[in-house]
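Chemist: Pasting a structure here, questions to come.
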Amino acid sequence: MSDRTVVEAGPGAEPRANGRGILIAVMAFAVFSGTDALVKVLAIGVSAPQVTFMVTLIALVALVAYAAATGQLRLLLPRHPGLAFLRALFLAADTILIHYAFSVLPLAEAYLLAFLTPLLVALMGFLLLGERLSGLAWIGVVVGFAGVAVALKPGLVVLNLGHLAALASAVFFALSLILLRRTKAQESDMALVASLLLVLTPVALAVAMTTGKVVPIDLTQMGLVILAGLLLLGGHALLVRAFRVGEASVVSASQYSQIIWGCIYGFVLFAAPIELHTLLGAAMIAVSGWLVLQ
């Protein structure tokens, strides 16, 4: 991770910066997909909140160890703690909810609802920040929600709490991205990641203890937890960097790349079929994201 402070790109970001931001974001979401697949594997025998706690704890320990080894411990402390920890709280809620969704839904199905994030960012920008949306952008919003309807086939697919959790996670993730756009330029990448892990670890533990489903794990599961924790840390570090380099509205559309990984991991690890209506709905959502950017 870089210890340099980079000003978040504004509406006038150069195309080269946006291209670099998109590339970093695609890498981030590929790494996140690996984490998500491991979380789903672990959730077969362990409750989702416990998995979240263990994975986040590993990521936090790894981050502190890296900072200590490189003499950058001071960069873990946010200069604007109020904004940093509010964003962390939104991301903590997002992580707990989406991990629960992964435990009860196919990866691709959970991703489809998570794909509403770019549309929600546009809507929140309009409602909360007074940003203008073009006529094409409004059409994109409608097409996006229609794409979710096509992919999930309401009435044929039984909707459950997993779908609600995935939708709620998209809302919290969108709120965190709105806040990231308002993050002070003086805030380091490491502080943004550290604040998330510092909030998520105790929150996930509290949820796990409340559910009363904390169980011991074996060495194989521990290995998967360590790998998932390292991937989680890497994914968040890349995502923060991507949103520093490129425009938020452009970079956020890179999230659609996760449907490819979701289908691959779902098929290879869980024998989940790749269905036509899922791909059609995902394509509609991707088109809607492109329209919103116009």
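Simple scheme: letters A, B, ... for chains in structure tokens order, numbers from 1 for residues in each chain, numbers from 1 for ligands in the order shown.
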Among segment 97-147 of chain A, which residues carry a DSSP assignment of helix (DSSP H, G or I), reported as a VMD selection string?
Modeler: chain A and resid 97 to 104 107 to 114 117 to 128 135 to 147
Chemist: Tell me, as JSON, numbers by chain, which residues lie within 10 Å of segment 220-231 of chain A, counting only C-alpha atoms; anything in the same chain fewer than 2 positions away does not count.
Modeler: {"A": [28, 30, 31, 32, 33, 34, 35, 36, 37, 38, 39, 41, 42, 45, 46, 51, 52, 53, 54, 55, 56, 57, 58, 59, 60, 61, 62, 63, 216, 217, 218, 233, 234, 235, 236, 237]}
Chemist: Pick from A:Pro49, A:Gly266, A:Pro273, A:Pro118: nearest to Val171 of chain A, with only C-alpha atoms counted?
Modeler: A:Pro118
Chemist: I'd like the contact shell of Gly82 of chain A - 12 Å cut-off, only C-alpha atoms, skipping same-chain residues fewer than 3 positions apart - returned as a ChimeraX atom specification.
Modeler: /A:77-79,85-89,179,183-184,187,192,195
Chemist: With N, CA, C and O atoms retained, write the just-selected residues as an mmCIF file, in the first residue's frame.
Modeler:
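Generated output (again-v2.cif):
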```
data_model
loop_
_atom_site.group_PDB
_atom_site.id
_atom_site.type_symbol
_atom_site.label_atom_id
_atom_site.label_comp_id
_atom_site.auth_asym_id
_atom_site.auth_seq_id
_atom_site.Cartn_x
_atom_site.Cartn_y
_atom_site.Cartn_z
ATOM 1 N N LEU A 77 -3.924 6.529 11.757
ATOM 2 C CA LEU A 77 -4.830 7.424 12.479
ATOM 3 C C LEU A 77 -5.414 8.454 11.520
ATOM 4 O O LEU A 77 -4.674 9.225 10.903
ATOM 5 N N PRO A 78 -6.738 8.493 11.381
ATOM 6 C CA PRO A 78 -7.344 9.471 10.466
ATOM 7 C C PRO A 78 -7.227 10.892 10.999
ATOM 8 O O PRO A 78 -7.324 11.131 12.197
ATOM 9 N N ARG A 79 -6.994 11.824 10.102
ATOM 10 C CA ARG A 79 -6.912 13.225 10.488
ATOM 11 C C ARG A 79 -8.300 13.834 10.680
ATOM 12 O O ARG A 79 -8.452 14.856 11.342
ATOM 13 N N PHE A 85 -14.787 7.518 10.336
ATOM 14 C CA PHE A 85 -15.477 6.452 11.072
ATOM 15 C C PHE A 85 -16.961 6.347 10.692
ATOM 16 O O PHE A 85 -17.547 5.273 10.813
ATOM 17 N N LEU A 86 -17.565 7.442 10.229
ATOM 18 C CA LEU A 86 -18.936 7.337 9.722
ATOM 19 C C LEU A 86 -18.947 6.493 8.454
ATOM 20 O O LEU A 86 -19.805 5.616 8.276
ATOM 21 N N ARG A 87 -17.967 6.750 7.568
ATOM 22 C CA ARG A 87 -17.839 5.913 6.371
ATOM 23 C C ARG A 87 -17.576 4.469 6.758
ATOM 24 O O ARG A 87 -18.135 3.534 6.163
ATOM 25 N N ALA A 88 -16.740 4.253 7.763
ATOM 26 C CA ALA A 88 -16.432 2.899 8.223
ATOM 27 C C ALA A 88 -17.671 2.195 8.752
ATOM 28 O O ALA A 88 -17.861 0.994 8.542
ATOM 29 N N LEU A 89 -18.534 2.939 9.431
ATOM 30 C CA LEU A 89 -19.763 2.344 9.961
ATOM 31 C C LEU A 89 -20.672 1.884 8.829
ATOM 32 O O LEU A 89 -21.263 0.792 8.890
ATOM 33 N N LEU A 179 -19.631 9.380 0.821
ATOM 34 C CA LEU A 179 -18.741 9.971 1.824
ATOM 35 C C LEU A 179 -17.291 9.981 1.347
ATOM 36 O O LEU A 179 -16.544 10.919 1.637
ATOM 37 N N THR A 183 -14.244 12.895 1.261
ATOM 38 C CA THR A 183 -13.091 12.711 2.141
ATOM 39 C C THR A 183 -12.040 13.782 1.880
ATOM 40 O O THR A 183 -11.743 14.121 0.742
ATOM 41 N N LYS A 184 -11.479 14.316 2.943
ATOM 42 C CA LYS A 184 -10.450 15.342 2.806
ATOM 43 C C LYS A 184 -9.228 14.779 2.084
ATOM 44 O O LYS A 184 -8.849 13.622 2.273
ATOM 45 N N GLU A 187 -6.347 12.940 4.006
ATOM 46 C CA GLU A 187 -6.522 11.630 4.632
ATOM 47 C C GLU A 187 -5.746 10.580 3.860
ATOM 48 O O GLU A 187 -5.842 10.505 2.636
ATOM 49 N N LEU A 192 -8.061 5.289 5.962
ATOM 50 C CA LEU A 192 -9.413 4.950 5.531
ATOM 51 C C LEU A 192 -9.676 3.448 5.685
ATOM 52 O O LEU A 192 -10.751 3.032 6.122
ATOM 53 N N SER A 195 -9.696 2.554 9.598
ATOM 54 C CA SER A 195 -10.923 2.950 10.292
ATOM 55 C C SER A 195 -12.043 1.952 10.024
ATOM 56 O O SER A 195 -12.825 1.622 10.923
#
```
Chemist: Could you state the separation of atom CA of Leu161 of chain A and atom CA of Tyr256 of chain A in Å, given to one decimal place?
Modeler: 22.8 Å
Chemist: Measure the distance from atom CA of Ser103 of chain A to atom CA of Ala168 of chain A in Å and round it to one decimal.
Modeler: 15.3 Å
Chemist: In Å, rounded to a single decimal, give me how far atom CA of Ile260 of chain A is from atom CA of Gly144 of chain A.
Modeler: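 So the two atoms, atom CA of Gly144 of chain A and atom CA of Ile260 of chain A, lie 17.6 Å apart.
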Chemist: Do you know which residues are at most 8 Å from Leu116 of chain A counting only C-alpha atoms, after dropping those on the same chain fewer than 4 positions away, and could you put them as a ChimeraX atom specification?
Modeler: /A:112,120,144-145,167,170,285
Chemist: Please list as JSON, numbers by chain every residue within 10 Å of segment 123-126 of chain A, counting only C-alpha atoms and excluding residues in the same chain fewer than 2 positions away.
Modeler: {"A": [117, 118, 119, 120, 121, 128, 129, 130, 131, 132, 133, 137, 138, 141, 171, 174, 175, 178, 249, 292]}
Chemist: What does the file look like for those residues with C-alpha atoms, as a tab-separated table (two decimals), in the first residue's frame?
Modeler:
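Contents of result.tsv, freshly written:
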```tsv
chain	number	residue	atom	x	y	z
A	117	THR	CA	-24.77	0.58	-6.02
A	118	PRO	CA	-23.75	2.80	-9.00
A	119	LEU	CA	-27.41	3.64	-9.60
A	120	LEU	CA	-27.90	4.42	-5.92
A	121	VAL	CA	-24.78	6.61	-5.96
A	128	LEU	CA	-28.29	14.54	-1.08
A	129	LEU	CA	-25.74	16.58	-2.99
A	130	GLY	CA	-27.92	18.34	-5.55
A	131	GLU	CA	-26.05	16.82	-8.49
A	132	ARG	CA	-27.82	16.98	-11.85
A	133	LEU	CA	-29.02	13.83	-13.62
A	137	ALA	CA	-29.38	8.95	-16.53
A	138	TRP	CA	-32.98	8.71	-15.35
A	141	VAL	CA	-32.02	4.17	-13.32
A	171	VAL	CA	-27.53	1.13	0.02
A	174	ALA	CA	-23.46	3.67	-1.91
A	175	LEU	CA	-23.53	5.89	1.18
A	178	ILE	CA	-20.75	9.31	-1.33
A	249	SER	CA	-19.20	7.89	-11.05
A	292	VAL	CA	-26.28	6.98	-15.79
```
Chemist: Which is closer to Val64 of chain A than all the others in A:Leu197, A:Asp189, A:Leu269, A:Leu232, using only C-alpha atoms?
Modeler: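 Ranked by minimum distance to Val64 of chain A, first place goes to A:Leu197.
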Chemist: A:Ile98, A:Ala204, A:Val143, A:Val214: which is nearest His163 of chain A, counting only C-alpha atoms?
Modeler: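 Answer, going by the shortest atom-to-atom distance: A:Ile98.
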Chemist: My list of candidates is A:Ala242, A:Ile44, A:Leu291, A:Leu136. Which is closest to Met27 of chain A when distances are computed with only C-alpha atoms?
Modeler: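 Residue with the minimum atom-to-atom distance to Met27 of chain A: A:Ala242.
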